[in-house]
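Novice: So I've got this file, my_file_28.txt, and it contains compact mmCIF, C-alpha atoms and all ligand atoms:
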```
# COMPACT_ATOMS: atom_id res chain seq x y z
CA MET A 1 33.10 32.24 13.28
CA LYS A 2 34.51 30.00 10.63
CA VAL A 3 35.84 30.70 7.13
CA VAL A 4 35.26 27.97 4.54
CA SER A 5 36.60 27.98 0.98
CA ILE A 6 34.64 26.10 -1.67
CA PHE A 7 37.64 24.77 -3.50
CA ASN A 8 38.47 22.59 -6.51
CA GLN A 9 40.73 23.90 -9.25
CA LYS A 10 38.78 21.81 -11.75
CA GLY A 11 36.13 23.84 -13.57
CA GLY A 12 32.40 23.21 -13.58
CA VAL A 13 32.24 20.73 -10.71
CA GLY A 14 29.52 22.55 -8.77
CA LYS A 15 31.50 24.95 -6.54
CA THR A 16 29.27 27.93 -7.15
CA THR A 17 26.04 25.92 -7.04
CA THR A 18 27.14 24.43 -3.72
CA ASN A 19 28.21 27.82 -2.38
CA ILE A 20 24.96 29.59 -3.23
CA ASN A 21 22.70 26.86 -1.98
CA LEU A 22 24.57 25.84 1.14
CA CYS A 23 24.89 29.50 2.18
CA SER A 24 21.23 30.23 1.57
CA TYR A 25 20.03 27.25 3.62
CA LEU A 26 22.35 28.21 6.48
CA ALA A 27 21.10 31.80 6.32
CA MET A 28 17.51 30.52 6.35
CA GLN A 29 18.33 28.61 9.52
CA GLY A 30 19.23 31.91 11.14
CA TYR A 31 23.01 31.88 10.79
CA LYS A 32 24.51 35.15 9.66
CA ILE A 33 26.34 34.34 6.44
CA LEU A 34 28.80 36.25 4.29
CA THR A 35 29.83 34.82 0.96
CA ILE A 36 32.88 36.24 -0.75
CA ASP A 37 32.98 35.85 -4.52
CA ILE A 38 36.67 35.62 -5.36
CA ASP A 39 36.05 34.31 -8.89
CA PRO A 40 36.32 36.86 -11.73
CA GLN A 41 33.49 34.96 -13.46
CA GLY A 42 31.26 36.35 -10.71
CA ASN A 43 28.82 33.44 -10.88
CA THR A 44 27.90 33.63 -7.21
CA THR A 45 27.27 37.35 -7.64
CA SER A 46 24.96 36.95 -10.62
CA GLY A 47 23.46 33.71 -9.31
CA LEU A 48 22.18 35.62 -6.30
CA GLY A 49 20.51 38.18 -8.51
CA PHE A 50 23.07 40.97 -8.67
CA ASP A 51 23.80 42.66 -11.98
CA LYS A 52 27.57 42.58 -12.37
CA THR A 53 27.54 45.51 -14.79
CA THR A 54 26.10 47.91 -12.21
CA ILE A 55 28.36 46.95 -9.30
CA GLN A 56 30.61 49.90 -8.41
CA GLU A 57 32.89 48.47 -5.76
CA SER A 58 33.85 44.83 -5.69
CA MET A 59 36.42 42.30 -4.52
CA TYR A 60 38.74 43.76 -7.12
CA ASP A 61 39.01 46.97 -5.08
CA VAL A 62 39.39 45.01 -1.83
CA ILE A 63 42.24 42.91 -3.21
CA THR A 64 44.12 45.60 -5.11
CA THR A 65 43.58 48.76 -2.99
CA ASP A 66 43.07 49.71 0.66
CA GLN A 67 39.30 49.46 0.18
CA LYS A 68 37.72 47.87 3.25
CA LEU A 69 35.79 44.62 2.83
CA GLN A 70 32.89 45.93 4.91
CA ASP A 71 32.35 48.81 2.48
CA ILE A 72 31.65 46.60 -0.54
CA ILE A 73 29.41 44.04 1.14
CA ILE A 74 25.81 44.06 -0.06
CA LYS A 75 22.81 42.54 1.66
CA SER A 76 20.70 39.98 -0.11
CA GLU A 77 17.22 41.35 -0.66
CA ILE A 78 15.74 37.91 -1.08
CA ILE A 79 17.19 36.02 1.89
CA ASP A 80 17.59 37.34 5.43
CA ASN A 81 20.96 37.05 7.20
CA PHE A 82 22.72 36.69 3.86
CA PHE A 83 25.46 39.07 2.73
CA ILE A 84 27.71 39.03 -0.30
CA ALA A 85 31.03 40.52 -1.30
CA PRO A 86 30.57 40.66 -5.09
CA SER A 87 33.04 40.15 -7.87
CA THR A 88 33.23 41.39 -11.42
CA LEU A 89 35.39 40.54 -14.43
CA GLU A 90 37.82 43.27 -13.33
CA LEU A 91 39.06 40.85 -10.68
CA ALA A 92 40.81 38.87 -13.44
CA GLY A 93 43.49 41.57 -13.51
CA ALA A 94 44.10 41.51 -9.77
CA GLU A 95 46.54 38.59 -9.71
CA VAL A 96 48.99 40.47 -11.91
CA GLU A 97 48.55 43.70 -9.97
CA ILE A 98 49.41 42.18 -6.60
CA ILE A 99 52.31 40.04 -7.71
CA ASP A 100 54.95 42.37 -6.27
CA ILE A 101 53.19 43.07 -2.99
CA LYS A 102 54.95 41.65 0.04
CA ASN A 103 51.95 39.96 1.67
CA ARG A 104 50.28 39.06 -1.57
CA GLU A 105 49.02 35.71 -0.28
CA SER A 106 47.40 37.11 2.85
CA ILE A 107 45.61 40.21 1.56
CA LEU A 108 42.19 38.57 1.89
CA LYS A 109 43.00 37.14 5.30
CA ASP A 110 43.85 40.61 6.61
CA LYS A 111 40.67 42.10 5.12
CA ILE A 112 38.48 39.36 6.59
CA LYS A 113 39.90 40.04 10.05
CA GLU A 114 38.11 43.40 10.04
CA VAL A 115 34.67 41.85 9.60
CA GLU A 116 34.93 38.36 11.07
CA ASN A 117 33.07 39.12 14.29
CA GLU A 118 30.02 40.12 12.28
CA TYR A 119 29.25 36.69 10.85
CA ASP A 120 28.69 33.09 11.90
CA TYR A 121 30.18 31.67 8.71
CA ILE A 122 32.08 33.13 5.79
CA PHE A 123 32.14 31.09 2.57
CA ILE A 124 34.53 31.88 -0.26
CA ASP A 125 33.65 30.78 -3.80
CA CYS A 126 37.01 30.03 -5.46
CA PRO A 127 37.81 30.28 -9.17
CA PRO A 128 38.83 27.13 -11.08
CA SER A 129 42.56 27.76 -10.82
CA LEU A 130 45.47 27.61 -8.41
CA GLY A 131 46.43 31.24 -8.88
CA LEU A 132 46.91 33.95 -6.28
CA LEU A 133 43.18 34.53 -5.77
CA THR A 134 42.71 30.90 -4.76
CA ILE A 135 45.83 31.00 -2.59
CA ASN A 136 44.43 34.09 -0.86
CA ALA A 137 41.21 32.19 -0.18
CA LEU A 138 43.03 29.15 1.23
CA CYS A 139 45.29 31.34 3.33
CA ALA A 140 42.24 33.07 4.84
CA SER A 141 40.26 29.89 5.54
CA ASP A 142 39.82 27.51 8.44
CA SER A 143 38.76 24.76 6.07
CA VAL A 144 38.02 23.76 2.50
CA LEU A 145 34.82 22.19 1.25
CA ILE A 146 35.55 20.28 -1.93
CA PRO A 147 32.86 19.50 -4.52
CA ILE A 148 33.82 16.61 -6.78
CA GLN A 149 31.77 15.83 -9.86
CA ALA A 150 30.95 12.18 -10.35
CA GLU A 151 32.32 11.78 -13.85
CA PHE A 152 35.00 9.81 -15.60
CA TYR A 153 37.68 12.46 -15.07
CA ALA A 154 36.69 13.18 -11.48
CA LEU A 155 39.97 12.12 -9.94
CA GLU A 156 42.07 14.00 -12.43
CA GLY A 157 43.57 16.82 -10.44
CA VAL A 158 42.63 15.49 -7.01
CA GLY A 159 46.29 14.70 -6.32
CA GLN A 160 47.21 18.26 -7.23
CA LEU A 161 44.37 19.57 -5.10
CA ILE A 162 45.60 17.65 -2.05
CA ASN A 163 49.12 18.75 -2.79
CA THR A 164 48.04 22.38 -2.81
CA ILE A 165 46.34 21.98 0.58
CA HIS A 166 49.55 20.42 1.96
CA LEU A 167 51.68 23.22 0.54
CA VAL A 168 49.42 25.85 2.09
CA ASN A 169 49.54 23.90 5.36
CA LYS A 170 53.30 23.97 5.31
CA SER A 171 53.96 27.55 4.38
CA LEU A 172 50.99 29.87 4.72
CA ASN A 173 48.25 28.44 6.91
CA LYS A 174 49.02 25.44 9.08
CA ASN A 175 45.45 25.35 10.38
CA LEU A 176 43.76 24.75 7.03
CA ALA A 177 41.61 21.61 7.35
CA VAL A 178 39.39 19.62 5.01
CA GLU A 179 35.83 20.48 5.97
CA GLY A 180 34.24 17.90 3.75
CA VAL A 181 33.88 16.49 0.26
CA VAL A 182 30.58 16.59 -1.57
CA LEU A 183 29.91 14.46 -4.62
CA THR A 184 27.94 16.42 -7.19
CA MET A 185 25.94 15.41 -10.26
CA TYR A 186 25.91 12.02 -8.61
CA SER A 187 23.62 9.14 -9.42
CA ASN A 188 23.29 6.29 -6.93
CA ARG A 189 22.32 3.92 -9.66
CA THR A 190 25.21 4.21 -12.08
CA LYS A 191 28.35 2.14 -12.00
CA LEU A 192 30.41 5.21 -12.84
CA SER A 193 29.16 7.15 -9.82
CA ASN A 194 29.89 4.19 -7.55
CA GLU A 195 33.39 3.88 -8.97
CA VAL A 196 34.04 7.57 -8.44
CA TYR A 197 32.77 7.23 -4.88
CA ASN A 198 35.17 4.38 -4.18
CA GLU A 199 38.11 6.29 -5.61
CA VAL A 200 37.31 9.48 -3.71
CA ASN A 201 36.87 7.36 -0.61
CA LYS A 202 40.51 6.25 -0.83
CA TYR A 203 41.62 9.87 -0.62
CA PHE A 204 39.05 11.36 1.74
CA GLY A 205 37.26 8.55 3.62
CA GLU A 206 35.07 9.95 6.38
CA LYS A 207 35.36 13.46 5.02
CA ILE A 208 32.87 12.57 2.27
CA TYR A 209 29.40 13.80 3.12
CA LYS A 210 26.69 11.15 3.21
CA THR A 211 24.56 13.57 1.26
CA THR A 212 25.29 13.52 -2.47
CA ILE A 213 23.89 16.00 -4.98
CA PRO A 214 22.13 14.53 -8.02
CA ARG A 215 22.07 16.02 -11.47
CA ASN A 216 18.97 18.17 -11.35
CA ILE A 217 17.90 20.57 -14.07
CA ARG A 218 16.23 22.93 -11.55
CA LEU A 219 19.65 23.55 -9.93
CA ALA A 220 21.03 24.61 -13.31
CA GLU A 221 18.05 26.86 -14.08
CA ALA A 222 17.87 28.73 -10.77
CA PRO A 223 20.92 31.04 -11.26
CA SER A 224 19.51 32.46 -14.49
CA PHE A 225 16.64 33.78 -12.38
CA GLY A 226 19.08 35.05 -9.75
CA LEU A 227 17.59 32.71 -7.18
CA PRO A 228 18.93 30.05 -4.83
CA ILE A 229 17.11 26.74 -5.21
CA LEU A 230 15.10 27.22 -2.02
CA LEU A 231 13.32 30.17 -3.63
CA TYR A 232 13.23 28.79 -7.16
CA ASP A 233 11.82 25.33 -6.48
CA GLU A 234 12.07 24.28 -2.87
CA LYS A 235 10.44 20.92 -3.47
CA CYS A 236 12.72 19.60 -6.20
CA LYS A 237 15.26 16.88 -5.53
CA GLY A 238 18.20 19.29 -5.78
CA ALA A 239 16.69 21.53 -3.12
CA GLU A 240 16.06 18.60 -0.84
CA CYS A 241 19.68 17.48 -1.15
CA TYR A 242 21.21 20.89 -0.50
CA ARG A 243 18.96 21.27 2.55
CA GLU A 244 20.29 17.93 3.79
CA LEU A 245 23.86 18.95 3.04
CA ALA A 246 23.39 22.09 5.14
CA GLU A 247 22.13 19.93 8.01
CA GLU A 248 25.05 17.56 7.68
CA PHE A 249 27.46 20.50 7.57
CA LEU A 250 25.97 21.83 10.82
CA MET A 251 26.07 18.39 12.49
CA ARG A 252 29.81 18.22 11.84
CA GLN A 253 30.36 21.57 13.53
CA LYS A 254 29.18 20.00 16.80
CA ARG A 255 31.72 17.19 16.74
N1 LIG A 301 23.62 19.13 -9.42
C1 LIG A 301 23.56 19.74 -10.61
N2 LIG A 301 22.67 19.33 -11.54
C2 LIG A 301 22.61 19.96 -12.74
N3 LIG A 301 23.39 20.97 -13.12
C3 LIG A 301 24.30 21.41 -12.23
C4 LIG A 301 24.44 20.83 -10.94
N4 LIG A 301 25.45 21.46 -10.28
C5 LIG A 301 25.89 22.41 -11.13
N5 LIG A 301 25.23 22.38 -12.29
C6 LIG A 301 25.46 23.21 -13.47
O1 LIG A 301 26.76 22.88 -13.97
C7 LIG A 301 27.47 24.06 -14.34
C8 LIG A 301 28.73 24.17 -13.46
O2 LIG A 301 28.33 24.34 -12.10
P1 LIG A 301 29.00 25.44 -11.18
O3 LIG A 301 29.00 26.76 -11.86
O4 LIG A 301 28.35 25.35 -9.85
O5 LIG A 301 30.46 24.86 -11.11
P2 LIG A 301 31.80 25.59 -10.66
O6 LIG A 301 32.69 24.56 -10.11
O7 LIG A 301 31.49 26.75 -9.81
O8 LIG A 301 32.34 26.12 -12.06
P3 LIG A 301 33.63 27.09 -12.25
O9 LIG A 301 34.81 26.22 -12.01
O10 LIG A 301 33.51 27.59 -13.66
O11 LIG A 301 33.51 28.19 -11.24
C9 LIG A 301 26.51 25.20 -14.16
O12 LIG A 301 25.86 25.45 -15.38
C10 LIG A 301 25.53 24.68 -13.14
O13 LIG A 301 24.26 25.29 -13.25
MG MG A 302 32.09 28.76 -9.97
```
Output the file's structure as structure tokens, nothing else.

Specialist:
Amino acid sequence: MKVVSIFNQKGGVGKTTTNINLCSYLAMQGYKILTIDIDPQGNTTSGLGFDKTTIQESMYDVITTDQKLQDIIIKSEIIDNFFIAPSTLELAGAEVEIIDIKNRESILKDKIKEVENEYDYIFIDCPPSLGLLTINALCASDSVLIPIQAEFYALEGVGQLINTIHLVNKSLNKNLAVEGVVLTMYSNRTKLSNEVYNEVNKYFGEKIYKTTIPRNIRLAEAPSFGLPILLYDEKCKGAECYRELAEEFLMRQKR
């Protein structure tokens, strides 16, 4: 069992898209997958077809009360082996509510311990911030998978991101590793994408996945139908690339 956080405090870089699609390909391959939506935006929750307004118990209850993680997990009805711990907007209030709790950074870690033997991989979709919810995710994880958008401002915040990983390494979770870096909305042909690649390479080198994710409109459309790309349009370029990323992810586990 391995816990992986999809982490980048920068917004809109493809965390949720990567989470949904990587998880669904791994589940399709027969791995038992749990994804934990720790983002109050709940984009993983809605992107997998769940109506946030009808969810009764969510990660908010798990983080702020003694609610057990296993009691809020719902099974995907569209993909086998795929389970989700949903989030709703309520979760936005959680950071303030837990501020005075003694083990406020390790609440999620303790909750995951109760279910970890049930799954092959647990993926956590982080919010675009460095607040307590993200720290809980990093504290509970074996590794971070970092999506970086190939755009002019891509490197802005990467220093801070690395710094955060080092800080967590030092104080809360010395085992936290970098799982990999995936370049998203990437175009092989543009000078900008190549420049971003070279810059990211200086920071992460071999950790960068060979598979890059192109800008693909089908990837952006799929969540509005509550579907992962493999059910929305399995033949499109975006689907092909996320399938490859899942394979590359699995290859690395064997090393
Ligand atoms: N490869 C892609 N091609 C086209 N659109 C994409 C791609 N990846 C993501 N998007 C779109 O870009 C937007 C941001 O993506 P996403 O929600 O995955 O990012 P995020 O990092 O999770 O954002 P946030 O920080 O708000 O949680 C979404 O509208 C998504 O559909
Ligand atoms: Mg997101």

Novice: When distances are computed from all atoms listed in the file, which of A:Ser87, A:Ile72, A:Ser171, A:Ile78 shows the smallest separation from Ser106 of chain A?

Specialist: A:Ser171

Novice: Given 8 Å on each side, where is the centre and what are the edge lengths in Å to one decimal of the axis-aligned box enclosing the listed atoms of segment 112-122 of chain A, as JSON?

Specialist:
```
{"center_x": 34.3, "center_y": 37.5, "center_z": 10.0, "size_x": 27.2, "size_y": 27.7, "size_z": 24.5}
```

Novice: Give me the residues within 10 Å of Leu192 of chain A as a VMD selection string, counting only C-alpha atoms and dropping any in the same chain fewer than 4 places off.

Specialist: chain A and resid 150 to 152 186 to 188 196 to 198

Novice: Taking a cut-off of 6 Å and counting all atoms listed in the file, can you build a table that, for each residue of chain A near ligand LIG 301 (chain A), reports the nearest atom pair and how far apart they are in Å (one decimal), sorted by chain then residue number, as a tab-separated table?

Specialist:
```
residue	atom	partner	partner_atom	distance
A:Lys10	CA	A:LIG301	O9	5.9
A:Gly11	CA	A:LIG301	O9	3.1
A:Gly12	CA	A:LIG301	O8	3.3
A:Val13	CA	A:LIG301	O6	3.9
A:Gly14	CA	A:LIG301	O4	3.2
A:Lys15	CA	A:LIG301	O7	3.7
A:Thr16	CA	A:LIG301	O7	3.7
A:Thr17	CA	A:LIG301	O4	3.7
A:Pro127	CA	A:LIG301	O11	5.2
A:Pro128	CA	A:LIG301	O9	4.2
A:Thr184	CA	A:LIG301	N1	5.6
A:Met185	CA	A:LIG301	N1	4.5
A:Ile213	CA	A:LIG301	N1	5.4
A:Pro214	CA	A:LIG301	N1	5.0
A:Arg215	CA	A:LIG301	N2	3.4
A:Asn216	CA	A:LIG301	N2	3.9
A:Ile217	CA	A:LIG301	C2	4.9
A:Leu219	CA	A:LIG301	N2	5.4
A:Ala220	CA	A:LIG301	O13	3.3
```

Novice: Can you tell me which residues sit at most 12 Å away from ligand MG 302 (chain A), counting all atoms listed in the file, written as a VMD selection string?

Specialist: chain A and resid 5 to 20 36 to 47 87 124 to 129 147 223

Novice: Counting all atoms listed in the file, figure out which residue out of A:Leu227, A:Leu108, A:Leu155, A:Ile208 gets nearest to Cys139 of chain A.

Specialist: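 Counting all atoms listed in the file, the residue closest to Cys139 of chain A is A:Leu108.
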
Novice: Which residue, A:Ile79, A:Ile73, A:Val115, A:Val181, has the smallest gap to Ile229 of chain A when you use all atoms listed in the file?

Specialist: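 Smallest separation from Ile229 of chain A among the options: A:Ile79.
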
Novice: Looking at only C-alpha atoms, which of A:Ser141, A:Asn103, A:Thr65, A:Gln56 is the one that sits closest to Ala85 of chain A?

Specialist: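 Among A:Ser141, A:Asn103, A:Thr65, A:Gln56, it is A:Gln56 that comes nearest to Ala85 of chain A.
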
Novice: If you count only C-alpha atoms, which residues fall within 9 Å of Glu95 of chain A, apart from same-chain ones fewer than 4 positions away, as an MDAnalysis selection string?

Specialist: chainID A and resid 63:64 91 99 104 131:133

Novice: For atom CA of Thr88 of chain A and atom CA of Lys52 of chain A, determine how far apart the two atoms are, in Å to one decimal place.

Specialist: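 Computing the Euclidean distance for atom CA of Thr88 of chain A and atom CA of Lys52 of chain A yields 5.9 Å.
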
Novice: Between atom CA of Gly30 of chain A and atom CA of Glu244 of chain A, what is the distance in Å, rounded to a tenth?

Specialist: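 Computed distance, atom CA of Gly30 of chain A to atom CA of Glu244 of chain A, equals 15.8 Å.
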
Novice: Here is a test: counting all atoms listed in the file, which residue of A:Ile101, A:Leu48, A:Val3, A:Leu89 is nearest to Ile122 of chain A?

Specialist: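 Of all the options, A:Val3 lies closest to Ile122 of chain A.
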
Novice: Taking 4 positions as the minimum chain separation for residues in the same chain, which residues sit within 12 Å of Glu116 of chain A when counting all atoms listed in the file? Answer as a list in words.

Specialist: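 Once the nearby chain positions are removed, what remains is Met1, Lys2, Val3, Lys32, Ile33, Leu34, Thr35, Leu69, Gln70, Leu108, Lys109, Asp110, Lys111, Ile112, Asp120, Tyr121, Ile122, Phe123, Ala140 and Ser141 of chain A.
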
Novice: Pick the closest to Lys68 of chain A from A:Thr164, A:Glu114, A:Leu245, A:Ile84: which is it, counting all atoms listed in the file?

Specialist: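 Using all atoms listed in the file, the shortest distance to Lys68 of chain A belongs to A:Glu114.
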
Novice: In Å, with one decimal, what is the gap from atom CA of Thr190 of chain A to atom CA of Thr212 of chain A?

Specialist: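 Value for the atom CA of Thr190 of chain A-atom CA of Thr212 of chain A distance: 13.4 Å.
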
Novice: Show which residues sit within 10 Å of segment 248-250 of chain A, as a PyMOL selection string. Count all atoms listed in the file, and ignore same-chain residues fewer than 2 positions away.

Specialist: chain A and resi 22+26+145+179-180+209-211+242-246+252-255

Novice: I'd like the contact shell of Gly159 of chain A - 12 Å cut-off, all atoms listed in the file, skipping same-chain residues fewer than 6 positions apart - returned as a PDB file with C-alpha atoms, keeping the file's coordinate frame.

Specialist:
```pdb
ATOM      1  CA  ASN A   8      38.470  22.590  -6.510  1.00  0.00           C
ATOM      2  CA  GLN A   9      40.730  23.900  -9.250  1.00  0.00           C
ATOM      3  CA  LYS A  10      38.780  21.810 -11.750  1.00  0.00           C
ATOM      4  CA  ILE A 165      46.340  21.980   0.580  1.00  0.00           C
ATOM      5  CA  HIS A 166      49.550  20.420   1.960  1.00  0.00           C
ATOM      6  CA  GLU A 199      38.110   6.290  -5.610  1.00  0.00           C
ATOM      7  CA  VAL A 200      37.310   9.480  -3.710  1.00  0.00           C
ATOM      8  CA  LYS A 202      40.510   6.250  -0.830  1.00  0.00           C
ATOM      9  CA  TYR A 203      41.620   9.870  -0.620  1.00  0.00           C
ATOM     10  CA  PHE A 204      39.050  11.360   1.740  1.00  0.00           C
TER      11      PHE A 204
END
```
